[in-house]
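A.B. asks: Structure file run.cif, mmCIF, C-alpha atoms, is pasted below:
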```
data_coords
#
loop_
_atom_site.label_atom_id
_atom_site.label_comp_id
_atom_site.auth_asym_id
_atom_site.auth_seq_id
_atom_site.Cartn_x
_atom_site.Cartn_y
_atom_site.Cartn_z
CA MET C 26 17.19 39.37 -42.17
CA THR C 27 17.69 40.57 -38.66
CA THR C 28 20.21 39.51 -36.06
CA LEU C 29 19.14 38.99 -32.54
CA ALA C 30 21.73 41.55 -31.67
CA SER C 31 20.28 44.07 -34.14
CA ILE C 32 16.68 43.30 -32.96
CA LEU C 33 17.66 44.01 -29.45
CA VAL C 34 19.68 47.04 -30.44
CA ALA C 35 16.54 48.40 -32.35
CA VAL C 36 14.20 47.65 -29.44
CA MET C 37 16.60 49.23 -26.97
CA LEU C 38 16.96 52.47 -28.93
CA ALA C 39 13.28 52.88 -29.77
CA ALA C 40 12.29 54.52 -26.48
CA THR C 41 15.52 56.47 -25.96
CA ALA C 42 15.19 59.34 -28.41
CA GLY C 43 12.15 61.44 -29.09
CA SER C 44 9.81 63.31 -26.80
CA ARG C 45 10.57 63.96 -23.17
CA PRO C 46 9.00 61.33 -20.85
CA SER C 47 6.24 62.56 -18.56
CA ARG C 48 7.03 62.73 -14.86
CA MET C 49 4.99 59.84 -13.44
CA GLN C 50 6.09 59.96 -9.81
CA ALA C 51 7.54 63.37 -9.00
CA PRO C 52 8.86 63.79 -5.46
CA ARG C 53 7.12 66.10 -3.08
CA GLY C 54 8.53 69.60 -3.43
CA ASP C 55 12.10 68.66 -4.27
CA ALA C 56 13.15 71.34 -6.76
CA ALA C 57 16.73 70.03 -7.04
CA TYR C 58 15.49 66.56 -7.94
CA THR C 59 13.10 67.94 -10.54
CA GLU C 60 15.83 70.10 -12.01
CA ALA C 61 18.24 67.13 -12.26
CA MET C 62 15.59 64.99 -13.94
CA SER C 63 14.75 67.76 -16.43
CA LYS C 64 18.42 68.21 -17.22
CA GLY C 65 18.77 64.48 -17.79
CA ASP C 66 15.73 64.45 -20.08
CA ASP C 67 17.17 67.27 -22.19
CA LEU C 68 20.53 65.50 -22.46
CA LEU C 69 18.81 62.25 -23.38
CA MET C 70 16.89 63.95 -26.18
CA ARG C 71 20.19 65.37 -27.47
CA ARG C 72 21.68 61.85 -27.33
CA GLU C 73 24.29 62.91 -24.79
CA TYR C 74 23.84 59.65 -22.96
CA ILE C 75 26.75 59.68 -20.50
CA GLN C 76 25.89 63.19 -19.30
CA ALA C 77 22.21 62.21 -19.07
CA LEU C 78 23.13 59.18 -16.99
CA GLN C 79 25.11 61.40 -14.61
CA ALA C 80 22.14 63.75 -14.23
CA PHE C 81 19.76 60.89 -13.46
CA ARG C 82 22.20 59.41 -10.93
CA ARG C 83 22.36 62.78 -9.20
CA ALA C 84 18.56 62.93 -9.18
CA ASP C 85 18.39 59.48 -7.59
CA ALA C 86 20.89 60.49 -4.90
CA LEU C 87 18.85 63.61 -4.14
CA TYR C 88 15.66 61.56 -3.93
CA LEU C 89 17.33 59.03 -1.63
CA ALA C 90 18.52 61.77 0.71
CA LEU C 91 15.05 63.30 0.88
CA HIS C 92 12.87 60.17 0.98
CA GLU C 93 15.23 57.45 2.24
CA ARG C 94 14.46 55.27 -0.77
CA THR C 95 15.56 55.08 -4.39
CA SER C 96 13.59 56.85 -7.08
CA PRO C 97 11.95 54.39 -9.48
CA GLU C 98 11.55 57.15 -12.06
CA ALA C 99 15.21 58.20 -11.91
CA ASN C 100 16.31 54.58 -12.23
CA LEU C 101 13.99 54.07 -15.21
CA SER C 102 15.56 57.11 -16.84
CA MET C 103 19.00 55.68 -16.10
CA ALA C 104 17.90 52.51 -17.88
CA ARG C 105 16.91 54.58 -20.92
CA ALA C 106 20.38 56.13 -21.08
CA LEU C 107 22.09 52.80 -20.45
CA ARG C 108 20.20 51.05 -23.24
CA ALA C 109 21.57 53.63 -25.67
CA LEU C 110 25.04 52.92 -24.29
CA LYS C 111 24.40 49.17 -24.76
CA LEU C 112 25.11 48.27 -21.13
CA PRO C 113 22.56 45.57 -20.26
CA ARG C 114 24.17 44.57 -16.95
CA ASP C 115 23.92 48.15 -15.74
CA ILE C 116 20.31 48.30 -16.94
CA VAL C 117 19.47 45.30 -14.75
CA GLN C 118 21.12 47.03 -11.77
CA ALA C 119 19.20 50.26 -12.39
CA CYS C 120 15.91 48.40 -12.69
CA ASP C 121 16.64 46.39 -9.54
CA ALA C 122 17.20 49.66 -7.69
CA GLY C 123 14.00 51.11 -9.12
CA LEU C 124 12.01 48.03 -8.10
CA LYS C 125 13.50 47.82 -4.61
CA TYR C 126 10.52 49.53 -2.97
CA PRO C 127 6.75 49.35 -3.69
CA ILE C 128 5.70 51.54 -6.62
CA GLU C 129 2.31 53.24 -6.76
CA SER C 130 2.25 53.64 -10.54
CA LYS C 131 1.58 50.33 -12.30
CA ARG C 132 2.76 51.78 -15.58
CA LEU C 133 6.07 52.85 -14.05
CA GLU C 134 6.62 49.38 -12.60
CA ALA C 135 5.63 47.83 -15.96
CA ASN C 136 8.27 49.97 -17.69
CA LEU C 137 10.97 48.94 -15.23
CA ARG C 138 10.10 45.26 -15.61
CA ASN C 139 10.09 45.50 -19.40
CA PHE C 140 13.50 47.18 -19.39
CA ARG C 141 14.85 44.58 -16.97
CA GLY C 142 13.48 41.70 -19.04
CA GLU C 143 14.83 43.21 -22.22
CA ALA C 144 18.32 43.56 -20.70
CA LEU C 145 18.27 39.99 -19.39
CA LEU C 146 17.48 38.82 -22.93
CA ALA C 147 20.62 40.58 -24.14
CA LEU C 148 22.68 38.89 -21.43
CA ALA C 149 21.41 35.34 -21.95
CA THR C 150 23.76 33.11 -23.93
CA THR C 151 22.03 29.72 -24.21
CA ALA C 152 18.51 28.33 -24.46
CA ASP C 153 18.69 27.04 -20.88
CA ASP C 154 20.25 30.20 -19.40
CA PRO C 155 18.34 31.04 -16.18
CA LYS C 156 18.28 34.68 -17.27
CA LEU C 157 15.69 33.77 -19.89
CA LYS C 158 13.29 32.50 -17.22
CA ASP C 159 13.90 35.67 -15.20
CA ALA C 160 13.27 37.77 -18.31
CA GLU C 161 10.07 35.87 -19.04
CA ALA C 162 8.81 36.48 -15.49
CA ASP C 163 9.53 40.22 -15.73
CA LEU C 164 7.87 40.53 -19.12
CA ARG C 165 4.75 38.64 -18.07
CA ALA C 166 4.54 40.89 -15.01
CA SER C 167 4.91 43.97 -17.22
CA ILE C 168 2.06 42.83 -19.46
CA ALA C 169 -0.16 42.10 -16.44
CA LEU C 170 0.56 45.53 -14.94
CA SER C 171 -0.21 47.66 -18.00
CA ASP C 172 -1.86 47.37 -21.40
CA ALA C 173 0.28 50.30 -22.56
CA MET C 174 3.45 48.20 -22.96
CA PRO C 175 3.22 46.51 -26.38
CA MET C 176 7.00 46.02 -26.50
CA ALA C 177 6.72 43.76 -23.47
CA ARG C 178 4.72 41.37 -25.66
CA TYR C 179 7.40 41.55 -28.36
CA ASN C 180 10.14 40.90 -25.83
CA LEU C 181 8.17 38.04 -24.29
CA GLY C 182 7.90 36.44 -27.72
CA LEU C 183 11.64 36.79 -28.12
CA ALA C 184 12.28 35.25 -24.68
CA LEU C 185 10.10 32.25 -25.51
CA LEU C 186 11.67 31.71 -28.93
CA LYS C 187 15.13 31.83 -27.39
CA GLN C 188 14.00 29.02 -25.07
CA ARG C 189 12.86 27.04 -28.14
CA ARG C 190 9.22 27.40 -27.09
CA ASP C 191 8.31 28.41 -30.62
CA ASP C 192 4.52 27.97 -30.49
CA GLU C 193 4.23 30.15 -27.39
CA GLY C 194 6.68 32.67 -28.78
CA VAL C 195 4.80 33.00 -32.04
CA GLN C 196 1.54 33.56 -30.15
CA ALA C 197 3.15 36.31 -28.06
CA LEU C 198 4.46 37.99 -31.21
CA LYS C 199 1.04 37.78 -32.84
CA ALA C 200 -0.43 39.42 -29.73
CA PHE C 201 2.16 42.17 -30.16
CA LEU C 202 1.15 42.66 -33.80
CA ASP C 203 -2.50 42.97 -32.73
CA VAL C 204 -1.69 46.18 -30.86
CA ALA C 205 1.39 47.46 -32.73
CA GLY C 206 1.18 49.94 -35.56
CA PRO C 207 3.40 49.92 -38.65
CA SER C 208 7.02 49.94 -37.49
CA SER C 209 10.37 48.22 -37.89
CA ASP C 210 9.55 46.26 -34.73
CA ALA C 211 6.42 44.91 -36.39
CA GLU C 212 8.48 43.90 -39.43
CA ASP C 213 10.95 42.13 -37.16
CA ALA C 214 8.10 40.34 -35.39
CA ARG C 215 6.78 39.04 -38.70
CA ARG C 216 10.24 37.77 -39.65
CA LEU C 217 10.52 35.99 -36.30
CA ILE C 218 7.10 34.41 -36.78
CA ASP C 219 8.13 33.21 -40.24
CA ASN C 220 11.43 31.81 -38.95
CA PRO C 221 11.79 31.49 -35.14
CA ARG C 222 15.45 30.55 -35.59
CA ARG C 223 16.14 34.25 -36.05
CA ALA C 224 15.79 34.59 -32.28
CA ARG C 225 18.51 32.02 -31.68
CA GLU C 226 20.96 32.58 -34.53
CA ASN C 227 23.05 35.64 -35.27
CA PHE C 228 21.42 36.63 -38.55
CA ALA C 229 22.87 39.65 -40.31
CA PRO C 230 20.63 42.71 -40.40
CA ASP C 231 18.91 43.49 -43.67
CA PHE C 232 20.99 45.84 -45.78
CA SER C 233 21.09 47.32 -49.23
CA VAL C 234 24.07 49.16 -50.74
CA ARG C 235 24.75 51.00 -53.98
CA THR C 236 27.78 49.61 -55.74
CA LEU C 237 30.44 51.34 -57.81
CA ASP C 238 28.64 50.45 -61.05
CA GLY C 239 25.41 52.07 -59.82
CA LYS C 240 23.59 48.83 -59.03
CA THR C 241 21.78 47.98 -55.80
CA LEU C 242 23.03 44.99 -53.86
CA ALA C 243 20.89 43.68 -51.00
CA LEU C 244 21.41 40.89 -48.50
CA GLU C 245 18.56 39.03 -50.16
CA ASP C 246 20.58 38.98 -53.41
CA LEU C 247 23.41 37.13 -51.69
CA LYS C 248 21.38 34.13 -50.49
CA GLY C 249 23.09 30.80 -50.96
CA ARG C 250 26.58 32.28 -51.08
CA THR C 251 29.25 32.75 -48.45
CA VAL C 252 29.79 36.49 -48.11
CA VAL C 253 32.67 38.54 -46.75
CA LEU C 254 31.85 42.11 -45.83
CA ASP C 255 35.14 44.01 -45.90
CA PHE C 256 34.94 47.32 -44.03
CA TRP C 257 37.93 49.32 -45.19
CA GLY C 258 39.24 52.69 -46.39
CA THR C 259 42.08 54.02 -48.52
CA TRP C 260 43.13 56.11 -45.50
CA CYS C 261 43.61 52.93 -43.42
CA ALA C 262 47.20 51.67 -43.69
CA PRO C 263 46.39 48.09 -42.52
CA CYS C 264 43.53 47.96 -45.05
CA VAL C 265 45.86 49.01 -47.87
CA LYS C 266 48.47 46.48 -46.76
CA ALA C 267 45.85 43.70 -46.72
CA THR C 268 44.64 44.49 -50.26
CA PRO C 269 46.96 42.09 -52.17
CA ASP C 270 45.91 39.22 -49.89
CA LEU C 271 42.24 39.97 -50.53
CA VAL C 272 42.84 40.08 -54.29
CA ARG C 273 44.61 36.72 -54.07
CA LEU C 274 41.83 35.24 -51.93
CA ASN C 275 39.10 36.45 -54.26
CA LYS C 276 40.86 34.88 -57.27
CA LYS C 277 41.47 31.65 -55.38
CA LEU C 278 37.74 31.28 -54.62
CA ALA C 279 36.53 32.17 -58.12
CA GLY C 280 33.84 29.82 -59.33
CA GLN C 281 32.66 28.94 -55.83
CA PRO C 282 29.45 30.24 -54.18
CA PHE C 283 31.36 33.12 -52.64
CA VAL C 284 31.32 36.90 -52.92
CA MET C 285 33.28 39.66 -51.26
CA VAL C 286 31.66 43.07 -50.76
CA GLY C 287 33.84 46.07 -50.03
CA ILE C 288 32.31 48.70 -47.74
CA SER C 289 34.52 51.79 -47.84
CA SER C 290 34.46 54.60 -45.31
CA ASP C 291 36.25 57.00 -47.68
CA LYS C 292 35.13 60.60 -48.05
CA ASP C 293 36.99 61.23 -51.31
CA ASP C 294 35.02 59.54 -54.08
CA LEU C 295 37.73 60.03 -56.73
CA LYS C 296 40.49 58.66 -54.52
CA TRP C 297 38.34 55.64 -53.70
CA ARG C 298 37.58 54.92 -57.35
CA GLU C 299 41.20 55.31 -58.37
CA PHE C 300 42.39 52.92 -55.64
CA ILE C 301 39.89 50.28 -56.78
CA ARG C 302 41.00 50.67 -60.42
CA LYS C 303 44.74 50.57 -59.69
CA ASN C 304 44.49 47.54 -57.41
CA ASN C 305 42.04 45.54 -59.55
CA LEU C 306 39.41 45.15 -56.84
CA ASP C 307 36.94 43.42 -59.12
CA TRP C 308 34.34 42.49 -56.49
CA PRO C 309 31.34 44.67 -55.53
CA GLN C 310 32.43 47.93 -53.89
CA SER C 311 30.27 50.45 -52.06
CA LEU C 312 31.00 53.85 -50.57
CA ASP C 313 29.40 53.95 -47.13
CA ASP C 314 27.88 57.08 -45.61
CA GLY C 315 28.22 55.51 -42.16
CA SER C 316 24.93 53.59 -42.20
CA MET C 317 26.54 50.18 -42.78
CA GLN C 318 29.13 50.86 -40.11
CA ARG C 319 26.34 51.65 -37.64
CA LEU C 320 24.26 48.70 -38.74
CA PHE C 321 27.14 46.28 -38.10
CA ASN C 322 28.63 48.25 -35.21
CA VAL C 323 31.99 48.67 -36.95
CA THR C 324 34.46 50.94 -35.17
CA VAL C 325 37.80 49.39 -36.20
CA PHE C 326 39.28 49.09 -39.71
CA PRO C 327 39.59 46.75 -41.38
CA THR C 328 36.73 44.63 -40.08
CA TYR C 329 35.83 41.37 -41.82
CA ILE C 330 32.43 39.75 -41.35
CA VAL C 331 31.67 36.33 -42.84
CA LEU C 332 28.04 35.40 -43.55
CA ASP C 333 26.95 31.91 -44.52
CA GLY C 334 24.43 31.07 -47.24
CA GLU C 335 21.53 31.82 -44.90
CA GLY C 336 22.90 35.20 -43.91
CA ILE C 337 24.04 34.09 -40.46
CA VAL C 338 27.17 35.78 -39.12
CA ARG C 339 29.74 33.00 -38.74
CA PHE C 340 32.89 35.02 -38.16
CA ARG C 341 33.91 38.56 -37.33
CA HIS C 342 37.41 39.95 -37.00
CA ALA C 343 38.80 43.46 -36.58
CA GLY C 344 42.35 44.26 -37.65
CA ALA C 345 44.74 42.96 -40.29
CA GLY C 346 47.90 40.89 -40.52
CA SER C 347 49.02 37.48 -41.77
CA GLU C 348 47.20 35.69 -38.95
CA SER C 349 44.02 37.66 -39.68
CA GLU C 350 44.09 36.73 -43.36
CA ARG C 351 44.70 33.06 -42.55
CA ARG C 352 41.79 32.96 -40.12
CA LEU C 353 39.54 34.74 -42.61
CA GLU C 354 40.34 32.20 -45.32
CA ASP C 355 39.79 29.30 -42.90
CA GLU C 356 36.38 30.64 -41.90
CA ILE C 357 35.35 31.16 -45.51
CA LYS C 358 36.34 27.60 -46.36
CA LYS C 359 34.47 26.32 -43.32
CA SER C 360 31.32 28.11 -44.46
CA LEU C 361 31.69 26.84 -48.02
CA SER C 362 32.21 23.27 -46.86
CA ALA C 363 29.11 23.45 -44.66
CA GLY C 364 27.12 23.62 -47.87
CA ALA C 365 23.38 23.40 -47.32
CA PRO C 366 21.62 25.57 -44.73
CA ARG C 367 21.52 24.13 -41.24
CA GLN C 368 18.25 22.78 -39.91
#
```
Please, can you express the file's structure as structure tokens?

C.D. replies:
Amino acid sequence: MTTLASILVAVMLAATAGSRPSRMQAPRGDAAYTEAMSKGDDLLMRREYIQALQAFRRADALYLALHERTSPEANLSMARALRALKLPRDIVQACDAGLKYPIESKRLEANLRNFRGEALLALATTADDPKLKDAEADLRASIALSDAMPMARYNLGLALLKQRRDDEGVQALKAFLDVAGPSSDAEDARRLIDNPRRARENFAPDFSVRTLDGKTLALEDLKGRTVVLDFWGTWCAPCVKATPDLVRLNKKLAGQPFVMVGISSDKDDLKWREFIRKNNLDWPQSLDDGSMQRLFNVTVFPTYIVLDGEGIVRFRHAGAGSESERRLEDEIKKSLSAGAPRQ
């Protein structure tokens, strides 16, 4: 299962890392501009996104001074760095600057419009949000400008599904699959085709963890149950303090379609195991290598995430305390009382 957020995060990162982009519209004889762009490319490949962004901004300023217009290529490169930093509003601004003047390269314009449409998708909050129409217009323009932008077809499908135009969205995603090779994006497209609601609901990303007893536990295994993902660590004082409340809560909900899954960030395997034994944490426990934290964008401990029986994220809270535990229990009960999957 894939959240919209995680789909977008996957799409946004896909073109960031990897090989250096080719210079599609180099300025005439401006060595300083070329040097700034090359520096930005190197930083981008090393995932030093803030420094890359600074280099591309300098390149744009140099281009503006020389040509009295913004550089579409520098602004596209800014958008690449900004997507890695998850700053969609800034991506829109960079693309607007890049599109301010006529662009000779259709492929360059197609890239800018795809990035802009993609960012507008991330900013839209409701099915009737005007940003979705703007995104759709950009993505259709991108497709018309270049056949070399398969992700524009994927993003168009997403924009249409978010507007509840499911038949059109499915067709756009099928058109994407016609030109896309094997990839995680293609897998996501197939999931969206199977269930267009994935574009509108905050589905949890697919995950699979290895538990303390050596078994594999996947999201698919948890279908039909309310799930709490507890991101914690023995090193985290608030996590340790919250442990008795979690033990009490788990016992209180015994016999109901509910499961808690502990995702520990500990580095000391023995210390982790001993803490679980001493505190009778008798629900599934997994030692995370950081992949689950990245998948769910967890940066604060503890973090509690409640999934309903369909795997939709219904509640997320970072931090601990009596109020946190009360809210967590309320949200679990709300999910349990909702019962059958929503239509």

A.B. asks: Please identify all polymer residues within 9 Å of Leu78 of chain C, counting all atoms listed in the file, omitting same-chain residues fewer than 2 positions from it, and present them as a PDB file with C-alpha atoms, in the coordinates of the input.

C.D. replies:
```pdb
ATOM      1  CA  GLY C  65      18.770  64.480 -17.790  1.00  0.00           C
ATOM      2  CA  LEU C  68      20.530  65.500 -22.460  1.00  0.00           C
ATOM      3  CA  LEU C  69      18.810  62.250 -23.380  1.00  0.00           C
ATOM      4  CA  GLU C  73      24.290  62.910 -24.790  1.00  0.00           C
ATOM      5  CA  TYR C  74      23.840  59.650 -22.960  1.00  0.00           C
ATOM      6  CA  ILE C  75      26.750  59.680 -20.500  1.00  0.00           C
ATOM      7  CA  GLN C  76      25.890  63.190 -19.300  1.00  0.00           C
ATOM      8  CA  ALA C  80      22.140  63.750 -14.230  1.00  0.00           C
ATOM      9  CA  PHE C  81      19.760  60.890 -13.460  1.00  0.00           C
ATOM     10  CA  ARG C  82      22.200  59.410 -10.930  1.00  0.00           C
ATOM     11  CA  ARG C  83      22.360  62.780  -9.200  1.00  0.00           C
ATOM     12  CA  SER C 102      15.560  57.110 -16.840  1.00  0.00           C
ATOM     13  CA  MET C 103      19.000  55.680 -16.100  1.00  0.00           C
ATOM     14  CA  ALA C 104      17.900  52.510 -17.880  1.00  0.00           C
ATOM     15  CA  ARG C 105      16.910  54.580 -20.920  1.00  0.00           C
ATOM     16  CA  ALA C 106      20.380  56.130 -21.080  1.00  0.00           C
ATOM     17  CA  LEU C 107      22.090  52.800 -20.450  1.00  0.00           C
TER      18      LEU C 107
END
```

A.B. asks: Apply the PyMOL selection byres ((chain C and resi 221) around 9) to the structure shown and report the selected residues as a PDB file with C-alpha atoms, in the coordinates of the input.

C.D. replies:
```
ATOM      1  CA  LEU C 183      11.640  36.790 -28.120  1.00  0.00           C
ATOM      2  CA  LEU C 186      11.670  31.710 -28.930  1.00  0.00           C
ATOM      3  CA  LYS C 187      15.130  31.830 -27.390  1.00  0.00           C
ATOM      4  CA  ARG C 189      12.860  27.040 -28.140  1.00  0.00           C
ATOM      5  CA  ASP C 191       8.310  28.410 -30.620  1.00  0.00           C
ATOM      6  CA  GLY C 194       6.680  32.670 -28.780  1.00  0.00           C
ATOM      7  CA  VAL C 195       4.800  33.000 -32.040  1.00  0.00           C
ATOM      8  CA  ARG C 216      10.240  37.770 -39.650  1.00  0.00           C
ATOM      9  CA  LEU C 217      10.520  35.990 -36.300  1.00  0.00           C
ATOM     10  CA  ILE C 218       7.100  34.410 -36.780  1.00  0.00           C
ATOM     11  CA  ASP C 219       8.130  33.210 -40.240  1.00  0.00           C
ATOM     12  CA  ASN C 220      11.430  31.810 -38.950  1.00  0.00           C
ATOM     13  CA  ARG C 222      15.450  30.550 -35.590  1.00  0.00           C
ATOM     14  CA  ARG C 223      16.140  34.250 -36.050  1.00  0.00           C
ATOM     15  CA  ALA C 224      15.790  34.590 -32.280  1.00  0.00           C
ATOM     16  CA  ARG C 225      18.510  32.020 -31.680  1.00  0.00           C
TER      17      ARG C 225
END
```

A.B. asks: Could you work out how far atom CA of Ala229 of chain C lies from atom CA of Asp313 of chain C, giving the answer in Å with one decimal?

C.D. replies: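 Distance reported for this atom pair: 17.1 Å.
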
A.B. asks: Just so the selection is clear, what residues does the PyMOL selection byres ((chain C and resi 341-353) around 8) cover here, as number ranges by chain?

C.D. replies: C: 263-264, 267, 270, 325-331, 338-340, 354-357

A.B. asks: Please produce an output containing C-alpha atoms for each residue in the selection, written as a short mmCIF file (atom, residue, chain, number, x, y, z; two decimals), in the coordinates of the input.

C.D. replies:
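Writing done, so here's selection25.cif:
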```cif
data_model
loop_
_atom_site.label_atom_id
_atom_site.label_comp_id
_atom_site.auth_asym_id
_atom_site.auth_seq_id
_atom_site.Cartn_x
_atom_site.Cartn_y
_atom_site.Cartn_z
CA PRO C 263 46.39 48.09 -42.52
CA CYS C 264 43.53 47.96 -45.05
CA ALA C 267 45.85 43.70 -46.72
CA ASP C 270 45.91 39.22 -49.89
CA VAL C 325 37.80 49.39 -36.20
CA PHE C 326 39.28 49.09 -39.71
CA PRO C 327 39.59 46.75 -41.38
CA THR C 328 36.73 44.63 -40.08
CA TYR C 329 35.83 41.37 -41.82
CA ILE C 330 32.43 39.75 -41.35
CA VAL C 331 31.67 36.33 -42.84
CA VAL C 338 27.17 35.78 -39.12
CA ARG C 339 29.74 33.00 -38.74
CA PHE C 340 32.89 35.02 -38.16
CA GLU C 354 40.34 32.20 -45.32
CA ASP C 355 39.79 29.30 -42.90
CA GLU C 356 36.38 30.64 -41.90
CA ILE C 357 35.35 31.16 -45.51
#
```

A.B. asks: When you draw a straight line from atom CA of Leu101 of chain C to atom CA of Lys156 of chain C, how long is it in Å?

C.D. replies: 20.0 Å

A.B. asks: Using the chain letters and numbering of this document, enumerate as an NGL selection string the residues selected by the PyMOL selection byres ((chain C and resi 247-258) around 7).

C.D. replies: :C and (244-246 or 259-261 or 264 or 282-291 or 326-336 or 357 or 360-361)

A.B. asks: Report as JSON the centre and the edge lengths, in Å to one decimal, of the axis-aligned box holding every listed atom of segment 304-313 of chain C, padded by 5 Å on each side.

C.D. replies:
```
{"center_x": 36.9, "center_y": 48.2, "center_z": -53.3, "size_x": 25.1, "size_y": 21.5, "size_z": 22.4}
```

A.B. asks: Name the residues in contact with Leu164 of chain C at a cut-off of 9 Å, using all atoms listed in the file, excluding same-chain residues fewer than 4 positions from it; report them as number ranges by chain.

C.D. replies: C: 135, 138-143, 159-160, 168-169, 177-178, 180-181, 184

A.B. asks: If I take atom CA of Leu274 of chain C and atom CA of Glu226 of chain C, how far is one from the other in Å, to one decimal?

C.D. replies: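 Here the two named atoms are 27.3 Å from each other.
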
A.B. asks: Considering all atoms listed in the file, state which residue in the set C:Pro269, C:Gly280, C:Phe201, C:Asn322 is at the smallest distance from Lys303 of chain C.

C.D. replies: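 For Lys303 of chain C, the nearest of the given residues is C:Pro269.
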
A.B. asks: I'd like the neighbourhood of Asp85 of chain C as a PDB file with C-alpha atoms, keeping the file's coordinate frame, where a residue qualifies if any of its atoms comes within 12 Å (using all atoms listed in the file), though same-chain residues fewer than 5 positions away should be ignored.

C.D. replies:
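Below is the file that was written, selection39.pdb:
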```pdb
ATOM      1  CA  ALA C  51       7.540  63.370  -9.000  1.00  0.00           C
ATOM      2  CA  PRO C  52       8.860  63.790  -5.460  1.00  0.00           C
ATOM      3  CA  ASP C  55      12.100  68.660  -4.270  1.00  0.00           C
ATOM      4  CA  ALA C  57      16.730  70.030  -7.040  1.00  0.00           C
ATOM      5  CA  TYR C  58      15.490  66.560  -7.940  1.00  0.00           C
ATOM      6  CA  THR C  59      13.100  67.940 -10.540  1.00  0.00           C
ATOM      7  CA  GLU C  60      15.830  70.100 -12.010  1.00  0.00           C
ATOM      8  CA  ALA C  61      18.240  67.130 -12.260  1.00  0.00           C
ATOM      9  CA  MET C  62      15.590  64.990 -13.940  1.00  0.00           C
ATOM     10  CA  GLY C  65      18.770  64.480 -17.790  1.00  0.00           C
ATOM     11  CA  LEU C  78      23.130  59.180 -16.990  1.00  0.00           C
ATOM     12  CA  GLN C  79      25.110  61.400 -14.610  1.00  0.00           C
ATOM     13  CA  ALA C  80      22.140  63.750 -14.230  1.00  0.00           C
ATOM     14  CA  ALA C  90      18.520  61.770   0.710  1.00  0.00           C
ATOM     15  CA  LEU C  91      15.050  63.300   0.880  1.00  0.00           C
ATOM     16  CA  HIS C  92      12.870  60.170   0.980  1.00  0.00           C
ATOM     17  CA  GLU C  93      15.230  57.450   2.240  1.00  0.00           C
ATOM     18  CA  ARG C  94      14.460  55.270  -0.770  1.00  0.00           C
ATOM     19  CA  THR C  95      15.560  55.080  -4.390  1.00  0.00           C
ATOM     20  CA  SER C  96      13.590  56.850  -7.080  1.00  0.00           C
ATOM     21  CA  PRO C  97      11.950  54.390  -9.480  1.00  0.00           C
ATOM     22  CA  GLU C  98      11.550  57.150 -12.060  1.00  0.00           C
ATOM     23  CA  ALA C  99      15.210  58.200 -11.910  1.00  0.00           C
ATOM     24  CA  ASN C 100      16.310  54.580 -12.230  1.00  0.00           C
ATOM     25  CA  LEU C 101      13.990  54.070 -15.210  1.00  0.00           C
ATOM     26  CA  SER C 102      15.560  57.110 -16.840  1.00  0.00           C
ATOM     27  CA  MET C 103      19.000  55.680 -16.100  1.00  0.00           C
ATOM     28  CA  ALA C 119      19.200  50.260 -12.390  1.00  0.00           C
ATOM     29  CA  ALA C 122      17.200  49.660  -7.690  1.00  0.00           C
ATOM     30  CA  GLY C 123      14.000  51.110  -9.120  1.00  0.00           C
TER      31      GLY C 123
END
```

A.B. asks: Which one of C:Ser171, C:Asn227, C:Asn275, C:Gln118 sits closest to Glu134 of chain C if you count only C-alpha atoms?

C.D. replies: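 Distance minimum relative to Glu134 of chain C lands on C:Ser171.
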